[in-house]
>>> print(open('entry_17.cif').read())   # mmCIF, C-alpha atoms
data_model
loop_
_atom_site.label_atom_id
_atom_site.label_comp_id
_atom_site.auth_asym_id
_atom_site.auth_seq_id
_atom_site.Cartn_x
_atom_site.Cartn_y
_atom_site.Cartn_z
CA MET A 1 157.60 33.26 110.28
CA LYS A 2 160.98 34.25 111.74
CA ASN A 3 160.30 37.88 110.86
CA ARG A 4 157.81 39.85 108.84
CA LEU A 5 159.59 40.52 105.56
CA VAL A 6 158.43 38.91 102.33
CA VAL A 7 160.72 39.59 99.36
CA SER A 8 159.14 39.70 95.92
CA VAL A 9 161.55 38.33 93.32
CA GLN A 10 160.35 39.20 89.81
CA ALA A 11 161.75 40.48 86.53
CA TYR A 12 159.74 42.00 83.71
CA PRO A 13 159.64 40.60 80.15
CA GLY A 14 162.72 41.54 78.12
CA GLU A 15 164.90 42.34 81.12
CA PRO A 16 168.37 40.83 81.55
CA MET A 17 167.46 39.03 84.77
CA ARG A 18 164.37 37.36 83.29
CA ASP A 19 165.65 33.82 83.85
CA PRO A 20 164.45 31.26 86.42
CA ARG A 21 168.01 30.46 87.49
CA THR A 22 168.72 34.12 88.16
CA MET A 23 165.48 34.54 90.07
CA ALA A 24 166.30 31.50 92.18
CA GLN A 25 169.73 32.89 93.05
CA ILE A 26 168.22 36.23 94.04
CA ALA A 27 165.59 34.45 96.13
CA LEU A 28 168.29 32.47 97.95
CA ALA A 29 170.25 35.67 98.56
CA ALA A 30 167.11 37.26 100.01
CA GLU A 31 166.59 34.25 102.27
CA LEU A 32 170.19 34.52 103.47
CA GLY A 33 169.52 38.17 104.23
CA GLY A 34 166.61 37.19 106.46
CA ALA A 35 163.52 37.09 104.24
CA ALA A 36 160.74 35.08 105.87
CA ALA A 37 159.09 34.20 102.56
CA ILE A 38 159.49 34.76 98.82
CA ARG A 39 156.86 35.99 96.38
CA CYS A 40 157.48 35.15 92.72
CA GLN A 41 155.67 34.84 89.40
CA GLY A 42 155.66 32.31 86.60
CA LEU A 43 155.70 28.54 86.78
CA ALA A 44 159.40 28.15 85.92
CA ASP A 45 160.41 30.73 88.53
CA ILE A 46 158.19 29.16 91.19
CA SER A 47 159.70 25.74 90.59
CA ALA A 48 163.29 27.00 90.47
CA ILE A 49 162.90 29.12 93.61
CA LYS A 50 161.14 26.35 95.53
CA ASP A 51 164.15 24.13 94.87
CA GLN A 52 166.53 26.74 96.29
CA VAL A 53 164.87 28.17 99.41
CA SER A 54 163.54 26.71 102.63
CA VAL A 55 161.11 29.54 103.41
CA PRO A 56 157.50 29.57 102.12
CA VAL A 57 156.97 30.52 98.48
CA ILE A 58 154.04 32.70 97.43
CA GLY A 59 153.43 32.00 93.76
CA LEU A 60 151.44 33.76 91.09
CA TRP A 61 151.13 33.70 87.32
CA LYS A 62 150.75 36.96 85.44
CA GLU A 63 149.09 36.80 82.05
CA GLY A 64 148.64 40.06 80.17
CA SER A 65 148.90 43.50 81.73
CA GLU A 66 145.34 44.81 81.94
CA GLY A 67 142.22 43.83 83.84
CA VAL A 68 142.51 40.66 85.91
CA TYR A 69 145.99 39.39 85.11
CA ILE A 70 147.49 38.20 88.42
CA THR A 71 146.66 34.47 88.47
CA PRO A 72 143.46 35.28 86.57
CA THR A 73 141.78 31.86 86.49
CA LEU A 74 141.40 28.68 88.47
CA ARG A 75 143.65 26.93 85.96
CA HIS A 76 146.45 29.43 86.58
CA ALA A 77 146.10 29.05 90.35
CA ARG A 78 146.21 25.26 90.22
CA ALA A 79 149.30 25.39 88.02
CA CYS A 80 151.07 27.64 90.54
CA SER A 81 150.34 25.17 93.30
CA MET A 82 151.55 22.25 91.20
CA ALA A 83 154.76 24.16 90.43
CA GLY A 84 155.50 24.29 94.15
CA ALA A 85 153.85 27.41 95.56
CA ASP A 86 152.98 27.05 99.25
CA ILE A 87 150.55 29.95 98.91
CA VAL A 88 148.90 31.12 95.68
CA ALA A 89 148.30 34.85 95.18
CA ILE A 90 145.33 35.77 92.99
CA ASP A 91 143.63 38.94 91.83
CA ALA A 92 140.90 39.66 94.37
CA THR A 93 139.24 42.60 92.66
CA ARG A 94 135.57 42.66 91.70
CA ARG A 95 136.35 42.86 88.00
CA PRO A 96 135.17 40.12 85.62
CA ARG A 97 137.46 37.08 85.59
CA PRO A 98 138.55 35.57 82.25
CA ASP A 99 137.11 32.12 82.99
CA GLY A 100 133.71 33.46 84.04
CA ARG A 101 133.99 32.20 87.61
CA THR A 102 133.41 34.48 90.54
CA TYR A 103 136.22 35.11 92.98
CA ALA A 104 134.33 33.15 95.65
CA GLU A 105 133.93 30.17 93.32
CA THR A 106 137.65 30.24 92.59
CA VAL A 107 138.61 30.32 96.26
CA ALA A 108 136.17 27.53 97.12
CA ALA A 109 137.63 25.30 94.43
CA LEU A 110 141.18 25.98 95.59
CA HIS A 111 140.29 25.31 99.22
CA ASP A 112 138.73 22.01 98.20
CA GLU A 113 142.21 21.09 96.94
CA GLY A 114 143.96 22.31 100.08
CA ILE A 115 145.48 25.38 98.44
CA VAL A 116 146.16 28.46 100.60
CA VAL A 117 144.98 31.69 98.95
CA MET A 118 146.43 35.20 99.20
CA ALA A 119 143.99 37.86 98.00
CA ASP A 120 145.56 40.75 96.07
CA CYS A 121 143.11 43.60 96.75
CA GLY A 122 142.77 47.09 95.33
CA SER A 123 140.23 48.62 97.71
CA ILE A 124 138.28 48.00 100.89
CA GLY A 125 135.42 46.72 98.75
CA ASP A 126 137.73 44.12 97.25
CA ALA A 127 138.95 43.16 100.71
CA GLU A 128 135.39 42.71 101.96
CA MET A 129 134.63 40.39 99.05
CA ALA A 130 137.87 38.46 99.56
CA TYR A 131 137.23 38.08 103.27
CA GLU A 132 133.69 36.86 102.75
CA ALA A 133 134.98 34.36 100.18
CA GLY A 134 137.26 32.87 102.84
CA SER A 135 140.65 34.07 101.60
CA ASP A 136 143.41 32.99 103.95
CA ILE A 137 145.52 36.14 103.57
CA LEU A 138 144.59 39.66 102.44
CA SER A 139 146.96 42.17 100.86
CA THR A 140 147.01 45.74 99.53
CA THR A 141 148.84 44.70 96.35
CA LEU A 142 146.56 46.33 93.78
CA SER A 143 145.80 49.60 95.56
CA GLY A 144 146.28 52.43 93.07
CA TYR A 145 146.10 50.16 90.03
CA THR A 146 142.38 49.50 89.58
CA GLY A 147 140.97 53.01 89.50
CA GLU A 148 139.25 52.79 92.89
CA ARG A 149 142.01 54.41 94.91
CA GLU A 150 144.58 57.07 94.14
CA LYS A 151 148.10 55.72 93.63
CA THR A 152 150.05 56.82 96.68
CA ALA A 153 153.75 57.69 96.53
CA GLY A 154 154.50 54.97 99.07
CA PRO A 155 152.42 52.14 100.50
CA ASP A 156 148.70 52.76 100.94
CA LEU A 157 148.73 52.89 104.73
CA GLU A 158 145.17 54.20 104.91
CA LEU A 159 143.81 51.13 103.16
CA LEU A 160 146.09 48.93 105.23
CA ARG A 161 144.72 50.35 108.48
CA GLN A 162 141.14 49.89 107.29
CA MET A 163 141.77 46.26 106.41
CA VAL A 164 143.58 45.50 109.67
CA GLU A 165 140.79 47.06 111.70
CA GLN A 166 137.97 45.38 109.81
CA PHE A 167 139.19 41.82 109.21
CA ASP A 168 140.48 39.08 111.49
CA ARG A 169 142.87 37.67 108.89
CA PRO A 170 146.55 38.28 108.24
CA VAL A 171 146.89 41.50 106.19
CA LEU A 172 150.04 42.03 104.15
CA CYS A 173 151.18 45.45 103.03
CA GLU A 174 152.36 45.26 99.44
CA GLY A 175 152.93 47.93 96.85
CA ARG A 176 155.47 50.74 96.66
CA VAL A 177 157.37 49.81 99.83
CA HIS A 178 160.80 51.06 98.78
CA THR A 179 162.65 51.84 102.01
CA PRO A 180 163.17 50.29 105.45
CA ASP A 181 161.37 53.26 107.00
CA GLN A 182 158.30 52.62 104.83
CA ALA A 183 158.37 48.95 105.80
CA ARG A 184 158.54 49.89 109.47
CA SER A 185 155.63 52.30 109.00
CA ALA A 186 153.57 49.49 107.49
CA LEU A 187 154.22 47.27 110.50
CA ASP A 188 153.35 50.14 112.83
CA ALA A 189 150.09 50.53 110.92
CA GLY A 190 149.21 46.93 111.75
CA ALA A 191 150.51 44.87 108.83
CA TRP A 192 151.01 41.20 109.63
CA SER A 193 153.87 41.19 107.13
CA VAL A 194 155.41 43.50 104.54
CA VAL A 195 156.19 42.61 100.93
CA VAL A 196 159.14 44.41 99.34
CA GLY A 197 160.03 43.83 95.72
CA THR A 198 161.45 46.62 93.58
CA GLY A 199 163.35 48.20 96.47
CA ILE A 200 165.36 45.00 96.98
CA THR A 201 165.33 42.93 93.81
CA HIS A 202 165.01 45.28 90.83
CA PRO A 203 168.40 46.91 90.14
CA THR A 204 167.17 48.80 87.07
CA SER A 205 164.68 50.76 89.19
CA ILE A 206 167.06 51.22 92.08
CA THR A 207 169.75 52.54 89.75
CA SER A 208 167.28 54.97 88.19
CA TRP A 209 166.43 56.36 91.63
CA PHE A 210 170.08 57.18 92.24
CA VAL A 211 170.49 58.68 88.76
CA GLN A 212 167.43 60.89 89.25
CA ALA A 213 168.68 62.04 92.65
CA LEU A 214 172.10 62.92 91.25
CA GLU A 215 170.61 64.79 88.32
CA THR A 216 168.17 66.82 90.39
CA GLY A 217 169.12 70.46 90.10
CA LYS A 218 171.78 69.71 87.52
CA GLU A 219 172.24 72.54 85.05
#
>>> encode(input="entry_17.cif", output="structure tokens")
Amino acid sequence: MKNRLVVSVQAYPGEPMRDPRTMAQIALAAELGGAAAIRCQGLADISAIKDQVSVPVIGLWKEGSEGVYITPTLRHARACSMAGADIVAIDATRRPRPDGRTYAETVAALHDEGIVVMADCGSIGDAEMAYEAGSDILSTTLSGYTGEREKTAGPDLELLRQMVEQFDRPVLCEGRVHTPDQARSALDAGAWSVVVGTGITHPTSITSWFVQALETGKE
């Protein structure tokens, strides 16, 4: 990787930018700005982005919004790979999976097909399970969203440090990295790479931050 920045390019359902062509243009813009890889969700977005960029694409498929919903089954993971993802990100929590498979069974099946797996973890317990299952990459993506850890204002650097110290695999810091200083802090804490999404590619949120700042203290 030419640097350590992964840009997450995603739009939520119902938003104006929720269109594969738009996502692909944003991904290309991020690559031109120096992104070393792109993370994106949905088969159409993965395919469109893969056609536009030359950097690796981390693909996932969100289904639902509760429980295990980030690439929740083996079928979802295979589809992401077929759509063009170089790496497939999957929920690596210890919660029940919709297809009844264990996380380890899912990873083994994907490895049999030559698919590289990124484990989206929510706690050190998740990371231990993901590591033992042979995940190629570990990340802090789900910290603060599964009930095991408090949701920090910025990235969960404590969990990141634990994972870096304990596991001899690439560990990505993902989740609530909104500023360059926070990204730098994640690297200083040992992250192999840093994933930034909202702070770069979600104008609705970025605009709201400015509005809130301008309205603070307003009579």
>>> resolve_selection(input="entry_17.cif", expression="the PyMOL selection byres ((chain A and resi 87-100) around 7)", output="NGL selection string")
:A and (57-60 or 68 or 70-73 or 77 or 80-81 or 85-86 or 101-103 or 115-122 or 126 or 130)
>>> residues_around(input="entry_17.cif", residues="stretch 30-45 of chain A", least_positions_apart="3", cutoff="8 Å", atoms="only C-alpha atoms", output="MDAnalysis selection string")
chainID A and resid 1:10 19:21 23:24 26:27 48:49 53 55:62 79:80 83
>>> resolve_selection(input="entry_17.cif", expression="the PyMOL selection byres ((chain A and resi 164) around 12)", output="PyMOL selection string")
chain A and resi 124+127-128+131+137-140+157-163+165-173+186-193
>>> atom_distance(input="entry_17.cif", atom1="atom CA of A:Asp51", atom2="atom CA of A:Thr22")
12.9 Å
>>> atom_distance(input="entry_17.cif", atom1="atom CA of A:Tyr12", atom2="atom CA of A:Leu74")
23.2 Å
>>> build_atoms(input="entry_17.cif", residues="stretch 20-31 of chain A", atoms="all heavy atoms", output="PDB file, in the frame of the given file")
ATOM      1  N   PRO A  20     164.766  31.952  85.171  1.00  0.00           N
ATOM      2  CA  PRO A  20     164.450  31.260  86.420  1.00  0.00           C
ATOM      3  C   PRO A  20     165.662  31.004  87.306  1.00  0.00           C
ATOM      4  O   PRO A  20     165.574  31.076  88.537  1.00  0.00           O
ATOM      5  CB  PRO A  20     163.820  29.944  85.942  1.00  0.00           C
ATOM      6  CG  PRO A  20     163.245  30.269  84.603  1.00  0.00           C
ATOM      7  CD  PRO A  20     164.204  31.241  84.004  1.00  0.00           C
ATOM      8  N   ARG A  21     166.813  30.712  86.689  1.00  0.00           N
ATOM      9  CA  ARG A  21     168.010  30.460  87.490  1.00  0.00           C
ATOM     10  C   ARG A  21     168.455  31.723  88.223  1.00  0.00           C
ATOM     11  O   ARG A  21     168.857  31.675  89.399  1.00  0.00           O
ATOM     12  CB  ARG A  21     169.130  29.951  86.592  1.00  0.00           C
ATOM     13  CG  ARG A  21     168.866  28.595  85.949  1.00  0.00           C
ATOM     14  CD  ARG A  21     169.862  28.293  84.873  1.00  0.00           C
ATOM     15  NE  ARG A  21     169.791  29.283  83.787  1.00  0.00           N
ATOM     16  CZ  ARG A  21     170.574  29.293  82.717  1.00  0.00           C
ATOM     17  NH1 ARG A  21     171.523  28.362  82.602  1.00  0.00           N
ATOM     18  NH2 ARG A  21     170.438  30.213  81.788  1.00  0.00           N
ATOM     19  N   THR A  22     168.366  32.846  87.534  1.00  0.00           N
ATOM     20  CA  THR A  22     168.720  34.120  88.160  1.00  0.00           C
ATOM     21  C   THR A  22     167.767  34.455  89.290  1.00  0.00           C
ATOM     22  O   THR A  22     168.176  34.875  90.379  1.00  0.00           O
ATOM     23  CB  THR A  22     168.718  35.249  87.119  1.00  0.00           C
ATOM     24  OG1 THR A  22     169.629  34.921  86.075  1.00  0.00           O
ATOM     25  CG2 THR A  22     169.117  36.574  87.747  1.00  0.00           C
ATOM     26  N   MET A  23     166.476  34.265  89.040  1.00  0.00           N
ATOM     27  CA  MET A  23     165.480  34.540  90.070  1.00  0.00           C
ATOM     28  C   MET A  23     165.696  33.658  91.293  1.00  0.00           C
ATOM     29  O   MET A  23     165.556  34.099  92.438  1.00  0.00           O
ATOM     30  CB  MET A  23     164.072  34.331  89.508  1.00  0.00           C
ATOM     31  CG  MET A  23     163.672  35.309  88.404  1.00  0.00           C
ATOM     32  SD  MET A  23     163.475  37.022  88.974  1.00  0.00           S
ATOM     33  CE  MET A  23     165.089  37.705  88.529  1.00  0.00           C
ATOM     34  N   ALA A  24     166.061  32.408  91.065  1.00  0.00           N
ATOM     35  CA  ALA A  24     166.300  31.500  92.180  1.00  0.00           C
ATOM     36  C   ALA A  24     167.504  31.935  93.003  1.00  0.00           C
ATOM     37  O   ALA A  24     167.507  31.840  94.239  1.00  0.00           O
ATOM     38  CB  ALA A  24     166.490  30.077  91.660  1.00  0.00           C
ATOM     39  N   GLN A  25     168.544  32.419  92.331  1.00  0.00           N
ATOM     40  CA  GLN A  25     169.730  32.890  93.050  1.00  0.00           C
ATOM     41  C   GLN A  25     169.407  34.132  93.874  1.00  0.00           C
ATOM     42  O   GLN A  25     169.867  34.277  95.013  1.00  0.00           O
ATOM     43  CB  GLN A  25     170.845  33.195  92.046  1.00  0.00           C
ATOM     44  CG  GLN A  25     171.427  31.948  91.398  1.00  0.00           C
ATOM     45  CD  GLN A  25     172.384  32.271  90.266  1.00  0.00           C
ATOM     46  OE1 GLN A  25     172.223  33.263  89.557  1.00  0.00           O
ATOM     47  NE2 GLN A  25     173.400  31.433  90.092  1.00  0.00           N
ATOM     48  N   ILE A  26     168.619  35.022  93.304  1.00  0.00           N
ATOM     49  CA  ILE A  26     168.220  36.230  94.040  1.00  0.00           C
ATOM     50  C   ILE A  26     167.355  35.847  95.235  1.00  0.00           C
ATOM     51  O   ILE A  26     167.498  36.402  96.333  1.00  0.00           O
ATOM     52  CB  ILE A  26     167.491  37.211  93.110  1.00  0.00           C
ATOM     53  CG1 ILE A  26     168.458  37.740  92.048  1.00  0.00           C
ATOM     54  CG2 ILE A  26     166.898  38.368  93.914  1.00  0.00           C
ATOM     55  CD1 ILE A  26     167.791  38.579  90.981  1.00  0.00           C
ATOM     56  N   ALA A  27     166.453  34.898  95.036  1.00  0.00           N
ATOM     57  CA  ALA A  27     165.590  34.450  96.130  1.00  0.00           C
ATOM     58  C   ALA A  27     166.422  33.863  97.267  1.00  0.00           C
ATOM     59  O   ALA A  27     166.172  34.131  98.451  1.00  0.00           O
ATOM     60  CB  ALA A  27     164.589  33.425  95.618  1.00  0.00           C
ATOM     61  N   LEU A  28     167.423  33.056  96.923  1.00  0.00           N
ATOM     62  CA  LEU A  28     168.290  32.470  97.950  1.00  0.00           C
ATOM     63  C   LEU A  28     169.064  33.561  98.680  1.00  0.00           C
ATOM     64  O   LEU A  28     169.219  33.514  99.908  1.00  0.00           O
ATOM     65  CB  LEU A  28     169.242  31.466  97.308  1.00  0.00           C
ATOM     66  CG  LEU A  28     170.235  30.776  98.260  1.00  0.00           C
ATOM     67  CD1 LEU A  28     169.503  30.060  99.383  1.00  0.00           C
ATOM     68  CD2 LEU A  28     171.118  29.810  97.481  1.00  0.00           C
ATOM     69  N   ALA A  29     169.543  34.554  97.934  1.00  0.00           N
ATOM     70  CA  ALA A  29     170.250  35.670  98.560  1.00  0.00           C
ATOM     71  C   ALA A  29     169.339  36.417  99.529  1.00  0.00           C
ATOM     72  O   ALA A  29     169.763  36.831 100.615  1.00  0.00           O
ATOM     73  CB  ALA A  29     170.791  36.620  97.490  1.00  0.00           C
ATOM     74  N   ALA A  30     168.073  36.586  99.136  1.00  0.00           N
ATOM     75  CA  ALA A  30     167.110  37.260 100.010  1.00  0.00           C
ATOM     76  C   ALA A  30     166.860  36.434 101.267  1.00  0.00           C
ATOM     77  O   ALA A  30     166.756  36.980 102.376  1.00  0.00           O
ATOM     78  CB  ALA A  30     165.801  37.489  99.253  1.00  0.00           C
ATOM     79  N   GLU A  31     166.777  35.104 101.103  1.00  0.00           N
ATOM     80  CA  GLU A  31     166.590  34.250 102.270  1.00  0.00           C
ATOM     81  C   GLU A  31     167.795  34.369 103.214  1.00  0.00           C
ATOM     82  O   GLU A  31     167.633  34.473 104.441  1.00  0.00           O
ATOM     83  CB  GLU A  31     166.398  32.798 101.861  1.00  0.00           C
ATOM     84  CG  GLU A  31     166.193  31.870 103.051  1.00  0.00           C
ATOM     85  CD  GLU A  31     166.102  30.415 102.671  1.00  0.00           C
ATOM     86  OE1 GLU A  31     166.511  30.040 101.556  1.00  0.00           O
ATOM     87  OE2 GLU A  31     165.634  29.628 103.520  1.00  0.00           O
TER      88      GLU A  31
END
